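Enquirer: Dumping the structure here so I can ask a few things about it.
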Amino acid sequence: MSAAATGGPGEAVEGPECTESPAGPADLAQPVAAAVPEHHAPALPEPTQVPVLNIANMLTVSRLLLVPVFLAALFTEDGADTFWRLVAWAIFAVASVTDHIDGRLARKHGLITDFGKIADPIADKALTGSALVGLSLLGDLPWWVTLVIAVREIGVTLLRFWVIRHGVIPASRGGKAKTLAQVLAIGLFLLPLPALFVPFNWTVMGIAVALTVVTGVDYVIRAIRLRARGKRALVT
Ligand SMILES: O=P(O)(O)OC[C@H](O)CO
């Protein structure tokens with residue numbers, strides 16, 4: 001669950017707000033480099049290729065694969081059985097923890113890839129999205145909460161693809177805090193807790209919704225800036 005606090009395999013280490021994609025403006029530098037006579041060219045470090053099939057990305061994919069297993073447990077006995085509710089919570093918790101582990105592994109072993117930058121937030125969204133829709137279908141969470149979060153999460157994913165020609169927007173600190181808040185709030189709603197907890201559950205969910213909206217607006221601004229920079233680079 002601290003997943004979100006550390007980010008996934010796609011996260012640049014406290015990185016810039018975006019990184020250039022292989023097809024992006026970095027390519028424009030190539031003719032300039034080619035113009036330098038070979039014997040005057042500074043020695044460049046060997047380019048290192050991070051394999052896409054690495055342990056961090058495999059954990060990200062396994063998080064995706066846990067989604068249907070989680071849903072099956074949640075909907076057993078129409079979500080009314082305490083045991084199956086706890087099983088669903090446990091699967092959700094394990095899947096969320098893989099977000100923490102893949103981020104640590106990616107940074108520790110230099111396994112950061114563009115695939116991870118895109119797949120990690122998508123895996124998070126698939127997990128939290130399925131939990132929110134599941135809770136709303138069961139009548140345990142109002143649909144407006146699920147809709148507000150879904151619109152933001154789908155919107156940010158589309159935004160990432162919209163600017164991908166110019167660069168990858170990795171998860172920001174705010175985005176990671178948002179995911180942590182969502183995971184905590186969803187975890188509370190999944191647990192079969194007594195009514196006494198309702199105000200607390202809603203406080204945590206309120207924080208999650210607020211962070212979801214604020215960070216969504218922040219990503220829109222980042223995407224617009226990145227696209228404008230990319231377009232300028234293509235013109236010059
Ligand atoms: O808000 P996003 O889309 O950057 O997602 C953040 C990630 O879920 C953090 O792991």
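Chain lettering (A, B, ...) mirrors the order of the structure tokens, residue numbering begins at 1 for each chain separately, and ligand numbering begins at 1 in order of display.
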Please list as an NGL selection string every residue within 10 Å of region 211-224 of chain A, counting only C-alpha atoms and excluding residues in the same chain fewer than 2 positions away.
Expert: :A and (17-18 or 148-153 or 155-156 or 159-164 or 166-179 or 181-182 or 205-209 or 226-230)
Enquirer: I need the residue nearest ligand 1 from this list: A:Leu138, A:Phe197, A:Lys231, A:Leu127. Use only C-alpha atoms and all ligand atoms for the distance.
Expert: A:Leu127
Enquirer: Would you please give, as an NGL selection string, all residues of region 124-216 of chain A that DSSP assigns to alpha helix (DSSP H) based on the backbone?
Expert: :A and (124-137 or 143-162 or 173-190 or 198-216)
Enquirer: I'd like the neighbourhood of Leu74 (chain A) as a PDB file with all heavy atoms, in the first residue's frame, where a residue qualifies if any of its atoms comes within 7 Å (using only C-alpha atoms), though same-chain residues fewer than 3 positions away should be ignored.
Expert:
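Okay, result.pdb is ready:
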ATOM      1  N   PHE A  70      -9.349 -10.902  -7.496  1.00  0.00           N
ATOM      2  CA  PHE A  70      -9.911 -10.031  -6.462  1.00  0.00           C
ATOM      3  C   PHE A  70     -11.422  -9.877  -6.652  1.00  0.00           C
ATOM      4  O   PHE A  70     -12.205 -10.016  -5.696  1.00  0.00           O
ATOM      5  CB  PHE A  70      -9.196  -8.672  -6.521  1.00  0.00           C
ATOM      6  CG  PHE A  70      -9.976  -7.557  -5.910  1.00  0.00           C
ATOM      7  CD1 PHE A  70     -10.108  -7.462  -4.529  1.00  0.00           C
ATOM      8  CD2 PHE A  70     -10.600  -6.603  -6.703  1.00  0.00           C
ATOM      9  CE1 PHE A  70     -10.853  -6.435  -3.954  1.00  0.00           C
ATOM     10  CE2 PHE A  70     -11.343  -5.580  -6.143  1.00  0.00           C
ATOM     11  CZ  PHE A  70     -11.471  -5.494  -4.758  1.00  0.00           C
ATOM     12  N   LEU A  71     -11.839  -9.636  -7.904  1.00  0.00           N
ATOM     13  CA  LEU A  71     -13.272  -9.425  -8.173  1.00  0.00           C
ATOM     14  C   LEU A  71     -14.089 -10.675  -7.865  1.00  0.00           C
ATOM     15  O   LEU A  71     -15.191 -10.590  -7.314  1.00  0.00           O
ATOM     16  CB  LEU A  71     -13.474  -8.990  -9.630  1.00  0.00           C
ATOM     17  CG  LEU A  71     -13.110  -7.535  -9.927  1.00  0.00           C
ATOM     18  CD1 LEU A  71     -13.224  -7.240 -11.416  1.00  0.00           C
ATOM     19  CD2 LEU A  71     -13.991  -6.570  -9.128  1.00  0.00           C
ATOM     20  N   GLY A  79     -20.978 -10.311  -1.962  1.00  0.00           N
ATOM     21  CA  GLY A  79     -20.196  -9.386  -1.122  1.00  0.00           C
ATOM     22  C   GLY A  79     -20.676  -9.323   0.316  1.00  0.00           C
ATOM     23  O   GLY A  79     -20.230  -8.458   1.075  1.00  0.00           O
ATOM     24  N   TRP A  84     -15.328 -14.039   2.765  1.00  0.00           N
ATOM     25  CA  TRP A  84     -14.930 -13.703   1.389  1.00  0.00           C
ATOM     26  C   TRP A  84     -14.578 -12.224   1.247  1.00  0.00           C
ATOM     27  O   TRP A  84     -13.752 -11.834   0.420  1.00  0.00           O
ATOM     28  CB  TRP A  84     -16.010 -14.123   0.387  1.00  0.00           C
ATOM     29  CG  TRP A  84     -15.951 -15.598   0.158  1.00  0.00           C
ATOM     30  CD1 TRP A  84     -16.818 -16.535   0.609  1.00  0.00           C
ATOM     31  CD2 TRP A  84     -14.905 -16.301  -0.537  1.00  0.00           C
ATOM     32  NE1 TRP A  84     -16.400 -17.786   0.244  1.00  0.00           N
ATOM     33  CE2 TRP A  84     -15.231 -17.680  -0.468  1.00  0.00           C
ATOM     34  CE3 TRP A  84     -13.739 -15.918  -1.198  1.00  0.00           C
ATOM     35  CZ2 TRP A  84     -14.427 -18.665  -1.039  1.00  0.00           C
ATOM     36  CZ3 TRP A  84     -12.939 -16.891  -1.776  1.00  0.00           C
ATOM     37  CH2 TRP A  84     -13.286 -18.243  -1.695  1.00  0.00           C
ATOM     38  N   ARG A  85     -15.211 -11.413   2.079  1.00  0.00           N
ATOM     39  CA  ARG A  85     -14.896  -9.984   2.071  1.00  0.00           C
ATOM     40  C   ARG A  85     -13.448  -9.782   2.547  1.00  0.00           C
ATOM     41  O   ARG A  85     -12.690  -8.984   2.005  1.00  0.00           O
ATOM     42  CB  ARG A  85     -15.878  -9.319   3.011  1.00  0.00           C
ATOM     43  CG  ARG A  85     -16.307  -7.908   2.779  1.00  0.00           C
ATOM     44  CD  ARG A  85     -16.788  -7.585   1.415  1.00  0.00           C
ATOM     45  NE  ARG A  85     -16.774  -6.142   1.361  1.00  0.00           N
ATOM     46  CZ  ARG A  85     -17.790  -5.387   1.026  1.00  0.00           C
ATOM     47  NH1 ARG A  85     -18.903  -5.931   0.596  1.00  0.00           N
ATOM     48  NH2 ARG A  85     -17.702  -4.085   1.033  1.00  0.00           N
ATOM     49  N   ALA A  88     -11.128 -10.906  -0.211  1.00  0.00           N
ATOM     50  CA  ALA A  88     -11.016  -9.849  -1.241  1.00  0.00           C
ATOM     51  C   ALA A  88     -10.086  -8.734  -0.751  1.00  0.00           C
ATOM     52  O   ALA A  88      -9.224  -8.249  -1.498  1.00  0.00           O
ATOM     53  CB  ALA A  88     -12.400  -9.287  -1.567  1.00  0.00           C
TER      54      ALA A  88
END
Enquirer: Skip Phe115 (chain A) itself and residues of its chain fewer than 2 positions away, then list as a PyMOL selection string all residues within 8 Å of it, counting only C-alpha atoms.
Expert: chain A and resi 10+52+57+113+117-119
Enquirer: Residues near Gly129 (chain A), anyone? I mean within 9 Å using only C-alpha atoms, not counting same-chain ones fewer than 3 positions away, as a ChimeraX atom specification.
Expert: /A:124-126,132-134,146,149-150,153
Enquirer: Interatomic distance between CA of Asn54 (chain A) and CA of Leu111 (chain A)?
Expert: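 If I compute the distance from CA of Asn54 (chain A) to CA of Leu111 (chain A), I get 7.1 Å.
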Enquirer: Fewer than 3 positions away in the same chain doesn't count, so skip those; otherwise give me all residues within 12 Å of Ser136 (chain A), counting only C-alpha atoms, as a list in words.
Expert: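 Within the cut-off, the hits are Leu74, Phe75, Gly79, Gly129, Ser130, Ala131, Leu132, Val133, Gly139, Asp140, Leu141, Pro142, Trp143, Trp144, Val145, Thr146, Leu147, Ile186, Phe189 and Leu190 of chain A.
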Enquirer: I need the residues from that last selection saved to file as a compact mmCIF listing (two decimals), in the first residue's frame (with C-alpha atoms), if you can.
Expert:
# COMPACT_ATOMS: atom_id res chain seq x y z
CA LEU A 74 -15.46 -9.69 -3.74
CA PHE A 75 -18.60 -10.91 -5.53
CA GLY A 79 -20.20 -9.39 -1.12
CA GLY A 129 -11.00 0.99 -10.63
CA SER A 130 -12.28 -2.58 -10.37
CA ALA A 131 -12.54 -2.24 -6.58
CA LEU A 132 -14.51 1.02 -6.86
CA VAL A 133 -16.89 -0.34 -9.51
CA GLY A 139 -24.22 -0.76 -3.08
CA ASP A 140 -21.38 -0.09 -0.61
CA LEU A 141 -20.08 3.08 -2.28
CA PRO A 142 -22.07 5.83 -4.05
CA TRP A 143 -21.58 5.83 -7.84
CA TRP A 144 -20.57 9.50 -7.92
CA VAL A 145 -17.31 8.67 -6.08
CA THR A 146 -16.51 5.91 -8.56
CA LEU A 147 -17.37 8.15 -11.52
CA ILE A 186 -10.85 1.40 -0.71
CA PHE A 189 -14.65 0.21 2.40
CA LEU A 190 -13.77 -3.40 1.55
Enquirer: Determine the nearest neighbour of ligand 1 from the options A:Leu191, A:Pro199, A:Ala90, A:Arg63, counting only C-alpha atoms and all ligand atoms.
Expert: A:Arg63
Enquirer: Pick the closest to ligand 1 from A:Asp120, A:Asp81, A:Asp114, A:Asp102: which is it, counting only C-alpha atoms and all ligand atoms?
Expert: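 Closest to ligand 1 of all the choices is A:Asp120.
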Enquirer: May I ask which of the residues A:Gly103, A:Pro192, A:Gly187, A:Gly110 is the closest one to ligand 1, counting only C-alpha atoms and all ligand atoms?
Expert: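 Nearest candidate to ligand 1 out of A:Gly103, A:Pro192, A:Gly187, A:Gly110: A:Gly103.
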Enquirer: Calculated over only C-alpha atoms and all ligand atoms, which of the candidates A:Val87, A:Leu105, A:Pro121, A:Ile154 has the smallest distance to ligand 1?
Expert: A:Pro121
Enquirer: Tell me which of A:Leu86, A:Thr128, A:Leu196, A:Asn201 sits closest to ligand 1, counting only C-alpha atoms and all ligand atoms.
Expert: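 Among A:Leu86, A:Thr128, A:Leu196, A:Asn201, it is A:Thr128 that comes nearest to ligand 1.
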